[in-house]
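Participant: The file below is entry_8.cif, mmCIF, C-alpha atoms:
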data_data
#
loop_
_atom_site.label_atom_id
_atom_site.label_comp_id
_atom_site.auth_asym_id
_atom_site.auth_seq_id
_atom_site.Cartn_x
_atom_site.Cartn_y
_atom_site.Cartn_z
CA MET D 1 -21.08 -43.87 21.18
CA ASN D 2 -22.86 -40.55 21.51
CA VAL D 3 -20.29 -39.25 23.96
CA ARG D 4 -17.51 -40.33 21.66
CA GLN D 5 -19.14 -38.55 18.74
CA LEU D 6 -19.62 -35.39 20.77
CA VAL D 7 -15.99 -35.40 21.84
CA MET D 8 -14.87 -35.95 18.26
CA GLN D 9 -16.90 -33.00 17.10
CA ALA D 10 -15.59 -30.80 19.87
CA VAL D 11 -12.01 -31.77 19.00
CA GLN D 12 -12.64 -31.06 15.35
CA LEU D 13 -14.03 -27.63 16.12
CA GLY D 14 -11.05 -26.95 18.36
CA LEU D 15 -8.69 -28.06 15.60
CA ILE D 16 -10.19 -25.60 13.13
CA ILE D 17 -9.95 -22.72 15.59
CA THR D 18 -6.41 -23.51 16.67
CA SER D 19 -5.12 -23.99 13.13
CA ALA D 20 -6.60 -20.65 12.12
CA LEU D 21 -4.87 -19.08 15.11
CA MET D 22 -1.62 -20.84 14.24
CA ILE D 23 -1.71 -19.59 10.66
CA TRP D 24 -2.35 -16.04 11.84
CA LYS D 25 0.43 -16.15 14.44
CA SER D 26 2.95 -17.66 12.00
CA LEU D 27 2.06 -14.96 9.48
CA MET D 28 2.76 -12.40 12.21
CA LEU D 29 6.17 -13.95 12.79
CA VAL D 30 7.08 -14.20 9.12
CA THR D 31 5.97 -10.70 8.16
CA GLY D 32 7.03 -8.99 11.38
CA SER D 33 3.77 -7.07 11.30
CA GLU D 34 1.24 -7.17 14.11
CA SER D 35 -1.50 -7.45 11.54
CA PRO D 36 -0.28 -9.23 8.38
CA VAL D 37 -3.56 -8.74 6.54
CA VAL D 38 -5.76 -5.63 6.51
CA VAL D 39 -8.98 -4.69 4.79
CA VAL D 40 -9.18 -1.30 3.07
CA LEU D 41 -11.97 0.64 4.75
CA SER D 42 -11.98 3.94 2.87
CA GLY D 43 -11.71 5.30 -0.63
CA SER D 44 -8.70 7.50 0.06
CA MET D 45 -6.39 5.34 -2.07
CA GLU D 46 -8.73 4.96 -5.04
CA PRO D 47 -8.39 3.93 -7.79
CA GLY D 48 -5.49 1.78 -6.56
CA PHE D 49 -7.36 0.29 -3.63
CA TYR D 50 -11.11 0.20 -3.15
CA ARG D 51 -13.12 -0.37 -0.02
CA GLY D 52 -13.11 -4.09 0.70
CA ASP D 53 -9.76 -4.90 -0.91
CA ILE D 54 -7.43 -7.07 1.16
CA LEU D 55 -3.81 -6.00 1.54
CA PHE D 56 -0.94 -8.25 2.60
CA LEU D 57 1.56 -6.50 4.80
CA ASN D 58 5.17 -6.98 5.64
CA MET D 59 7.21 -4.96 8.08
CA GLY D 60 10.81 -5.77 7.17
CA LYS D 61 13.93 -4.12 8.52
CA ASN D 62 14.61 -1.80 5.59
CA PRO D 63 14.18 1.91 6.19
CA ILE D 64 10.88 3.43 5.10
CA ARG D 65 11.11 5.15 1.72
CA THR D 66 8.85 7.43 -0.28
CA GLY D 67 6.31 5.76 -2.54
CA GLU D 68 5.74 2.85 -0.18
CA ILE D 69 2.19 2.30 0.98
CA VAL D 70 2.24 1.91 4.74
CA VAL D 71 -0.34 1.06 7.35
CA PHE D 72 -0.06 3.25 10.41
CA ASN D 73 -1.73 3.64 13.74
CA LEU D 74 -2.30 7.10 15.19
CA ASP D 75 -2.54 7.74 18.91
CA GLY D 76 -6.18 7.98 19.93
CA ARG D 77 -7.51 6.30 16.81
CA ASP D 78 -8.79 2.74 16.67
CA ILE D 79 -8.64 2.16 12.97
CA PRO D 80 -5.30 1.97 11.16
CA ILE D 81 -4.86 4.03 8.00
CA VAL D 82 -3.39 2.83 4.68
CA HIS D 83 -1.64 5.69 2.84
CA ARG D 84 1.43 6.43 0.76
CA VAL D 85 4.67 7.89 2.11
CA ILE D 86 5.46 11.20 0.37
CA LYS D 87 8.28 12.57 2.54
CA VAL D 88 11.12 11.03 4.51
CA HIS D 89 13.73 12.90 6.56
CA GLU D 90 16.34 10.88 8.41
CA LYS D 91 18.43 12.69 10.98
CA THR D 92 22.19 12.17 10.84
CA GLY D 93 23.73 10.04 13.56
CA VAL D 94 20.57 9.31 15.52
CA ASN D 95 17.96 6.74 14.73
CA GLU D 96 15.22 9.25 14.08
CA VAL D 97 13.05 9.53 11.02
CA LYS D 98 10.26 11.87 10.01
CA ILE D 99 7.62 10.41 7.72
CA LEU D 100 4.73 12.18 6.01
CA THR D 101 1.90 10.31 4.29
CA LYS D 102 -0.92 11.11 1.88
CA GLY D 103 -3.81 9.20 0.35
CA ASP D 104 -3.52 8.98 -3.45
CA ASN D 105 -7.11 10.13 -3.76
CA ASN D 106 -6.79 13.00 -1.25
CA TYR D 107 -5.87 16.55 -2.20
CA SER D 108 -3.70 17.27 0.79
CA ASP D 109 -1.30 15.34 2.97
CA ASP D 110 -2.28 13.61 6.21
CA ARG D 111 -1.29 16.37 8.67
CA GLY D 112 -5.00 17.05 9.11
CA LEU D 113 -5.51 13.45 10.27
CA TYR D 114 -2.58 13.40 12.68
CA PRO D 115 -3.31 14.51 16.25
CA ARG D 116 -3.06 18.27 16.86
CA GLY D 117 0.55 19.40 16.98
CA GLN D 118 1.91 16.27 15.31
CA ASP D 119 3.51 16.98 11.96
CA TRP D 120 5.22 13.67 11.30
CA LEU D 121 4.96 9.95 11.79
CA ASN D 122 7.93 8.01 13.07
CA ARG D 123 8.88 4.39 12.74
CA ASP D 124 6.79 3.36 15.76
CA HIS D 125 3.56 4.40 14.10
CA ILE D 126 4.10 2.11 11.12
CA MET D 127 2.48 -1.33 11.36
CA GLY D 128 3.53 -2.65 7.99
CA ARG D 129 4.01 -2.00 4.28
CA ALA D 130 1.54 -3.18 1.68
CA MET D 131 3.12 -5.85 -0.53
CA GLY D 132 0.17 -7.42 -2.30
CA ILE D 133 -3.51 -7.00 -2.99
CA LEU D 134 -6.54 -9.27 -3.24
CA PRO D 135 -9.52 -7.27 -4.49
CA GLN D 136 -12.98 -7.19 -2.90
CA VAL D 137 -12.69 -10.30 -0.71
CA GLY D 138 -12.59 -8.17 2.43
CA MET D 139 -16.09 -6.92 1.69
CA VAL D 140 -17.29 -9.90 3.79
CA THR D 141 -15.68 -8.51 6.93
CA ILE D 142 -16.99 -5.01 6.20
CA LEU D 143 -20.52 -6.43 5.87
CA MET D 144 -20.06 -8.43 9.07
CA ASN D 145 -18.95 -5.29 10.87
CA ASP D 146 -21.88 -3.30 9.53
CA TYR D 147 -24.42 -6.05 10.25
CA PRO D 148 -23.35 -8.03 13.35
CA GLN D 149 -26.32 -10.42 12.90
CA LEU D 150 -24.65 -11.66 9.72
CA LYS D 151 -21.55 -12.52 11.71
CA PHE D 152 -23.50 -14.63 14.21
CA ALA D 153 -25.47 -16.31 11.43
CA LEU D 154 -22.24 -17.23 9.64
CA ILE D 155 -20.57 -18.52 12.79
CA GLY D 156 -23.71 -20.52 13.61
CA LEU D 157 -23.82 -21.98 10.12
CA LEU D 158 -20.14 -22.95 10.23
CA GLY D 159 -20.60 -24.50 13.67
CA LEU D 160 -23.57 -26.47 12.41
CA LEU D 161 -21.57 -27.70 9.43
CA VAL D 162 -18.74 -28.90 11.62
CA MET D 163 -21.12 -30.56 14.09
CA THR D 164 -22.93 -32.48 11.36
CA ASN D 165 -19.85 -33.21 9.29
CA LYS D 166 -19.30 -36.78 10.44
CA GLU D 167 -22.85 -37.91 9.83
CA SER D 168 -22.78 -38.24 6.09
CA MET W 1 -30.47 -36.83 14.94
CA GLY W 2 -32.18 -38.28 11.85
CA GLY W 3 -35.46 -37.85 10.07
CA SER W 4 -35.62 -37.36 6.34
CA SER W 5 -36.19 -33.59 6.43
CA SER W 6 -33.15 -32.82 8.56
CA SER W 7 -30.81 -35.11 6.64
CA SER W 8 -31.88 -33.57 3.33
CA MET W 9 -31.20 -30.15 4.80
CA HIS W 10 -27.76 -31.35 5.81
CA SER W 11 -26.98 -32.74 2.42
CA TRP W 12 -28.06 -29.40 0.92
CA MET W 13 -25.76 -27.59 3.30
CA HIS W 14 -22.87 -29.91 2.54
CA ARG W 15 -23.33 -29.43 -1.17
CA GLY W 16 -23.24 -25.69 -0.63
CA ASN W 17 -20.15 -26.01 1.49
CA THR W 18 -18.38 -28.16 -1.08
CA LEU W 19 -19.34 -25.74 -3.86
CA ILE W 20 -18.07 -22.70 -1.95
CA THR W 21 -14.84 -24.46 -0.99
CA PHE W 22 -14.26 -25.55 -4.58
CA PHE W 23 -14.99 -22.06 -5.88
CA GLY W 24 -12.62 -20.57 -3.32
CA THR W 25 -9.84 -22.98 -4.21
CA VAL W 26 -10.17 -22.34 -7.94
CA ALA W 27 -10.23 -18.57 -7.38
CA ALA W 28 -7.13 -18.76 -5.17
CA VAL W 29 -5.23 -20.83 -7.74
CA LEU W 30 -6.23 -18.43 -10.53
CA CYS W 31 -5.09 -15.42 -8.49
CA LEU W 32 -1.77 -17.10 -7.77
CA ALA W 33 -1.29 -18.01 -11.44
CA THR W 34 -2.11 -14.43 -12.47
CA THR W 35 0.45 -12.92 -10.16
CA LEU W 36 3.03 -15.45 -11.38
CA THR W 37 2.53 -14.23 -14.95
CA ASP W 38 3.39 -10.76 -13.63
CA LEU W 39 6.60 -12.09 -12.14
CA ARG W 40 7.53 -13.39 -15.56
CA HIS W 41 6.59 -10.05 -17.12
CA VAL W 42 8.96 -8.18 -14.78
CA TYR W 43 11.91 -10.25 -15.96
CA THR W 44 11.07 -10.29 -19.66
CA MET W 45 9.70 -6.81 -20.38
CA PRO W 46 11.76 -4.38 -22.46
CA ASP W 47 13.51 -1.78 -20.31
CA PRO W 48 11.30 1.22 -19.71
CA GLN W 49 12.86 4.48 -20.88
CA ALA W 50 12.99 7.61 -18.77
CA SER W 51 14.97 10.78 -18.46
CA VAL W 52 14.44 13.67 -16.08
CA SER W 53 16.29 16.92 -15.65
CA LEU W 54 16.03 19.92 -13.42
CA ALA W 55 14.89 22.87 -15.55
CA GLU W 56 15.24 25.76 -13.15
CA VAL W 57 15.27 26.69 -9.48
CA LYS W 58 12.75 29.54 -9.37
CA ARG W 59 12.95 30.34 -5.71
CA LEU W 60 14.78 29.37 -2.53
CA ALA W 61 13.53 31.07 0.59
CA PRO W 62 13.18 30.70 4.34
CA MET W 63 9.74 29.92 5.76
CA THR W 64 8.22 30.46 9.18
CA GLY W 65 9.18 27.86 11.75
CA SER W 66 12.80 27.90 10.51
CA LYS W 67 11.82 25.83 7.48
CA GLU W 68 13.06 26.36 3.95
CA GLN W 69 11.25 26.16 0.66
CA ALA W 70 12.46 25.71 -2.90
CA THR W 71 10.37 26.06 -6.03
CA LEU W 72 11.59 24.21 -9.10
CA THR W 73 10.62 23.22 -12.59
CA PHE W 74 11.63 20.03 -14.36
CA SER W 75 11.58 18.33 -17.73
CA MET W 76 10.77 14.70 -18.26
CA ASP W 77 10.59 12.23 -21.09
CA ALA W 78 9.37 8.79 -20.17
CA ASP W 79 8.03 5.76 -21.97
CA LEU W 80 6.67 3.26 -19.46
CA ARG W 81 4.30 1.44 -21.82
CA SER W 82 6.29 -1.78 -21.53
CA VAL W 83 5.60 -1.89 -17.78
CA PHE W 84 1.93 -2.61 -18.36
CA SER W 85 0.85 -6.24 -18.29
CA TRP W 86 -2.66 -7.67 -18.48
CA ASN W 87 -2.78 -7.63 -14.68
CA THR W 88 -1.65 -4.00 -14.24
CA LYS W 89 -4.34 -1.79 -12.73
CA GLN W 90 -2.32 1.39 -12.64
CA LEU W 91 1.07 2.98 -12.30
CA PHE W 92 1.56 5.50 -9.57
CA LEU W 93 4.30 7.61 -11.11
CA PHE W 94 6.11 10.21 -9.06
CA LEU W 95 9.15 12.42 -9.10
CA GLN W 96 11.06 13.00 -5.92
CA ALA W 97 13.97 15.13 -4.81
CA GLU W 98 16.63 13.34 -2.81
CA TYR W 99 19.20 15.51 -1.07
CA SER W 100 21.34 15.60 2.01
CA THR W 101 21.92 18.41 4.47
CA PRO W 102 24.50 18.59 7.27
CA ASP W 103 22.03 17.43 9.94
CA SER W 104 20.06 14.97 7.89
CA THR W 105 21.62 12.57 5.42
CA VAL W 106 18.55 11.07 3.80
CA ASN W 107 15.79 13.39 2.61
CA GLN W 108 13.14 12.37 0.12
CA VAL W 109 10.38 14.73 -0.94
CA VAL W 110 7.79 13.93 -3.58
CA LEU W 111 7.48 16.88 -5.98
CA TRP W 112 5.04 15.62 -8.57
CA ASP W 113 2.86 12.57 -9.09
CA THR W 114 0.29 11.12 -11.44
CA ILE W 115 -1.78 7.99 -11.84
CA ILE W 116 -1.61 6.19 -15.18
CA GLN W 117 -4.38 3.68 -15.81
CA GLN W 118 -3.93 3.02 -19.51
CA LYS W 119 -0.94 1.71 -21.36
CA GLU W 120 -1.26 4.33 -24.12
CA LYS W 121 -0.99 7.10 -21.55
CA ALA W 122 2.32 5.84 -20.21
CA ARG W 123 4.19 7.94 -22.80
CA ILE W 124 4.86 11.20 -21.01
CA ARG W 125 6.67 14.33 -22.11
CA LEU W 126 6.84 17.38 -19.89
CA LYS W 127 8.91 20.49 -20.51
CA ASN W 128 9.76 23.08 -17.84
CA HIS W 129 6.91 21.69 -15.83
CA LYS W 130 5.93 23.10 -12.45
CA THR W 131 6.08 20.69 -9.55
CA LYS W 132 2.79 19.77 -7.89
CA TYR W 133 4.19 20.03 -4.37
CA SER W 134 6.92 22.43 -3.38
CA LEU W 135 10.13 21.29 -1.82
CA ILE W 136 9.84 22.16 1.86
CA HIS W 137 12.63 21.17 4.22
CA PRO W 138 11.68 21.03 7.92
CA SER W 139 14.87 22.79 9.04
CA LYS W 140 17.73 24.80 7.53
CA GLY W 141 20.13 23.25 5.08
CA LEU W 142 18.81 23.50 1.53
CA LYS W 143 21.39 26.13 0.50
CA GLY W 144 24.05 24.42 -1.59
CA ALA W 145 22.61 20.96 -0.94
CA PRO W 146 23.45 18.33 -3.57
CA MET W 147 20.28 16.91 -5.05
CA ASN W 148 19.15 13.99 -7.17
CA LEU W 149 15.85 13.68 -8.99
CA THR W 150 14.38 10.19 -8.96
CA LEU W 151 11.47 9.06 -11.07
CA VAL W 152 9.66 6.16 -9.42
CA TRP W 153 6.77 4.08 -10.71
CA HIS W 154 4.83 1.93 -8.31
CA VAL W 155 3.15 -0.82 -10.29
CA MET W 156 -0.22 -1.72 -8.78
CA PRO W 157 -1.86 -4.91 -10.04
CA ARG W 158 -5.47 -6.04 -10.14
CA VAL W 159 -4.41 -8.96 -7.99
CA GLY W 160 -1.07 -10.02 -6.54
CA PHE W 161 2.20 -8.39 -5.61
CA MET W 162 3.12 -4.74 -6.09
CA TYR W 163 6.56 -3.53 -7.04
CA THR W 164 8.46 -0.34 -7.80
CA GLN W 165 11.09 0.59 -10.32
CA SER W 166 13.01 3.83 -10.52
CA ARG W 167 15.61 5.88 -12.34
CA THR W 168 17.80 8.48 -10.63
CA PHE W 169 19.20 11.56 -12.34
CA PRO W 170 21.61 14.19 -11.02
CA GLY W 171 19.91 17.47 -10.15
CA GLY W 172 23.04 19.45 -9.33
CA ARG W 173 23.34 21.63 -6.26
CA LEU W 174 20.70 23.96 -4.97
CA PRO W 175 21.72 27.66 -5.03
CA ASP W 176 24.14 28.88 -2.35
CA LYS W 177 22.01 31.92 -1.57
CA TYR W 178 18.35 32.56 -0.97
CA MET W 179 16.61 33.82 -4.09
CA GLN W 180 13.09 35.17 -4.22
#
Can you give me the file's structure in the form of structure tokens?
Facilitator:
Amino acid sequence: MNVRQLVMQAVQLGLIITSALMIWKSLMLVTGSESPVVVVLSGSMEPGFYRGDILFLNMGKNPIRTGEIVVFNLDGRDIPIVHRVIKVHEKTGVNEVKILTKGDNNYSDDRGLYPRGQDWLNRDHIMGRAMGILPQVGMVTILMNDYPQLKFALIGLLGLLVMTNKES
Amino acid sequence: MGGSSSSSMHSWMHRGNTLITFFGTVAAVLCLATTLTDLRHVYTMPDPQASVSLAEVKRLAPMTGSKEQATLTFSMDADLRSVFSWNTKQLFLFLQAEYSTPDSTVNQVVLWDTIIQQKEKARIRLKNHKTKYSLIHPSKGLKGAPMNLTLVWHVMPRVGFMYTQSRTFPGGRLPDKYMQ
């Protein structure tokens, strides 16, 4: 009886984890973006996006155009940046595009953020385009990053809930 | 397990869990409903009005690094008040030059932008206005290039999907010769 219960609980926990993983992976497939959801970490797009807002991304096959808000990864930087495209130059005949970005709340374009000697982004830097916004919900992950103890407490609490779920 | 203290703690935790789940579900449904009203707004709103014209090319000159730079002024008359819905946080309005040169077919450069947060401020008239950013092309090719001016507004909601609308206007050809 006790063994059975323990196995049940383990299976249930596994089910939660795998379904979360499945949802994430299917989102990756559908959106074509390696990270379909991002949390805004800085105020450089205020007042459009605030720290803690969640953005839903989509990659899509269409060419990048000015005015789109893209998420890009720079070489040698861990954290992706969410900024607006302000310049696009597509070379004739070859599949080569030059992209320049800027934060709505910044005075100058992003050349100062790019690695030394890099004036443009190309398609490979872009991880996705912002399609939708959910305000403030991402504050939870920011808090969990800032205070790792909170993360463990939450995980522990969730685990406890799952483990005791069948008893009531 | 067992014991009255631990089971009461569990029931307290389960109540909390149920409450949070319920709150989350209601919030998600409300957010979804809100963004759906925006979808309806997009299809039913009166057409926004806009017209843009190139006022003058003040300067067309080579820059270091074999770049080229043009300085222009423009005039604009736009009424985007109908774009605002109850869920609109702001419009990011910008004007861009679109042109093609022999070695690059698609070129888009933002010349001017503004953020509009209130419906009443979405009525904009500018005459012979200076651009905020100058038109810098990364190589040669601006001389005689055909150009369009496109006014784009990116509608950013409080919650839900974002969209853009735009109007394109002919901007003629850039001058055939450098002018200081």
Participant: Selected by the PyMOL selection byres ((chain D) within 7 of (chain W)) in the shown coordinates: which residues, as JSON, numbers by chain?
Facilitator: {"D": [48, 66, 86, 87, 88, 89, 90, 91, 92, 131, 132, 133, 134, 135]}
Participant: Rounded to one decimal, what separation in Å do you get between CA of Val162 in chain D and CA of Gln9 in chain D?
Facilitator: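 These atoms are spaced 7.1 Å apart.
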Participant: In Å, rounded to a single decimal, give me how far CA of Thr18 in chain D is from CA of Ile79 in chain D.
Facilitator: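 Spanning CA of Ile79 in chain D to CA of Thr18 in chain D is a straight-line distance of 26.0 Å.
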Participant: Between CA of Val40 in chain D and CA of Ile142 in chain D, what distance in Å does the model show, to one decimal?
Facilitator: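 Pair CA of Val40 in chain D / CA of Ile142 in chain D returns 9.2 Å.
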Participant: What's the 7 Å shell around Lys140 in chain W, counting all atoms listed in the file, without same-chain residues fewer than 6 positions away, as a ChimeraX atom specification?
Facilitator: /W:66-68
Participant: What's the 12 Å shell around Gly103 in chain D, counting only C-alpha atoms, without same-chain residues fewer than 6 positions away, as a list of chain:residue names?
Facilitator: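 Near Gly103 in chain D, the qualifying residues are D:Ser42, D:Gly43, D:Ser44, D:Met45, D:Glu46, D:Pro47, D:Gly48, D:Phe49, D:Gly67, D:Glu68, D:Ile69, D:Val70, D:Val71, D:Ile81, D:Val82, D:His83, D:Arg84, D:Val85, D:Ile86, D:Asp109, D:Asp110, D:Arg111, D:Gly112, D:Leu113, W:Phe92.
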Participant: Residues near Ala122 in chain W, anyone? I mean within 7 Å using only C-alpha atoms, not counting same-chain ones fewer than 3 positions away, as a ChimeraX atom specification.
Facilitator: /W:79-81,116,118-119
Participant: Could you name the residues that touch Leu41 in chain D at 8 Å or less, counting only C-alpha atoms, but leaving out those on the same chain fewer than 5 positions away, as a list of chain:residue names?
Facilitator: D:Tyr50, D:Arg51, D:Gly52, D:Ile142
Participant: Selection in question (the file shown): the PyMOL selection byres ((chain D and resi 163) around 10). Which residues does it include, as an mmCIF file with C-alpha atoms, in the frame of the given file?
Facilitator:
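Resulting contents of part_38.cif:
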data_model
loop_
_atom_site.group_PDB
_atom_site.id
_atom_site.type_symbol
_atom_site.label_atom_id
_atom_site.label_comp_id
_atom_site.auth_asym_id
_atom_site.auth_seq_id
_atom_site.Cartn_x
_atom_site.Cartn_y
_atom_site.Cartn_z
ATOM 1 C CA GLN D 5 -19.140 -38.550 18.740
ATOM 2 C CA LEU D 6 -19.620 -35.390 20.770
ATOM 3 C CA MET D 8 -14.870 -35.950 18.260
ATOM 4 C CA GLN D 9 -16.900 -33.000 17.100
ATOM 5 C CA ALA D 10 -15.590 -30.800 19.870
ATOM 6 C CA GLN D 12 -12.640 -31.060 15.350
ATOM 7 C CA LEU D 13 -14.030 -27.630 16.120
ATOM 8 C CA LEU D 157 -23.820 -21.980 10.120
ATOM 9 C CA LEU D 158 -20.140 -22.950 10.230
ATOM 10 C CA GLY D 159 -20.600 -24.500 13.670
ATOM 11 C CA LEU D 160 -23.570 -26.470 12.410
ATOM 12 C CA LEU D 161 -21.570 -27.700 9.430
ATOM 13 C CA VAL D 162 -18.740 -28.900 11.620
ATOM 14 C CA THR D 164 -22.930 -32.480 11.360
ATOM 15 C CA ASN D 165 -19.850 -33.210 9.290
ATOM 16 C CA LYS D 166 -19.300 -36.780 10.440
ATOM 17 C CA GLU D 167 -22.850 -37.910 9.830
#
Participant: Take the point (9.4, 1.3, -16.8) as written in the file and pick out every residue within 9 Å of it, counting all atoms listed in the file; give the list as number ranges by chain.
Facilitator: W: 45-50, 78-84, 152-153, 165-167
Participant: Which is closest to Thr44 in chain W among W:Leu151, W:Ser85, W:Leu142, W:Ile20, if we use all atoms listed in the file?
Facilitator: W:Ser85
Participant: Closest to Asn58 in chain D among D:Tyr114, D:Met22, D:Ile126, D:Gly156, using all atoms listed in the file?
Facilitator: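 Smallest distance to Asn58 in chain D is found for D:Ile126.
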Participant: With C-alpha atoms retained, output range 69-107 of chain D as a short mmCIF file (atom, residue, chain, number, x, y, z; two decimals), in the first residue's frame.
Facilitator:
data_model
loop_
_atom_site.label_atom_id
_atom_site.label_comp_id
_atom_site.auth_asym_id
_atom_site.auth_seq_id
_atom_site.Cartn_x
_atom_site.Cartn_y
_atom_site.Cartn_z
CA ILE D 69 10.82 44.28 -31.67
CA VAL D 70 13.35 41.48 -31.79
CA VAL D 71 15.18 39.45 -29.20
CA PHE D 72 18.83 38.97 -30.08
CA ASN D 73 21.84 37.25 -28.66
CA LEU D 74 25.25 38.90 -28.91
CA ASP D 75 28.47 36.91 -28.96
CA GLY D 76 30.02 36.88 -25.50
CA ARG D 77 26.84 37.91 -23.72
CA ASP D 78 24.66 35.55 -21.71
CA ILE D 79 21.50 37.58 -21.57
CA PRO D 80 19.47 38.22 -24.72
CA ILE D 81 18.36 41.78 -25.45
CA VAL D 82 14.87 42.93 -26.49
CA HIS D 83 15.05 46.03 -28.73
CA ARG D 84 13.45 47.55 -31.80
CA VAL D 85 14.84 47.30 -35.33
CA ILE D 86 15.55 50.78 -36.72
CA LYS D 87 17.56 49.97 -39.86
CA VAL D 88 17.54 47.16 -42.39
CA HIS D 89 19.82 46.82 -45.42
CA GLU D 90 19.43 43.76 -47.62
CA LYS D 91 22.15 43.10 -50.15
CA THR D 92 21.07 42.32 -53.71
CA GLY D 93 21.44 38.73 -54.87
CA VAL D 94 22.97 37.31 -51.71
CA ASN D 95 21.18 36.29 -48.58
CA GLU D 96 22.79 38.92 -46.41
CA VAL D 97 21.07 41.45 -44.23
CA LYS D 98 22.32 44.21 -41.96
CA ILE D 99 20.13 45.01 -38.97
CA LEU D 100 20.50 47.83 -36.46
CA THR D 101 18.50 47.98 -33.23
CA LYS D 102 17.72 50.54 -30.54
CA GLY D 103 15.84 50.54 -27.25
CA ASP D 104 12.83 52.88 -27.33
CA ASN D 105 13.96 54.40 -24.05
CA ASN D 106 17.63 54.79 -25.08
CA TYR D 107 19.05 57.90 -26.69
#
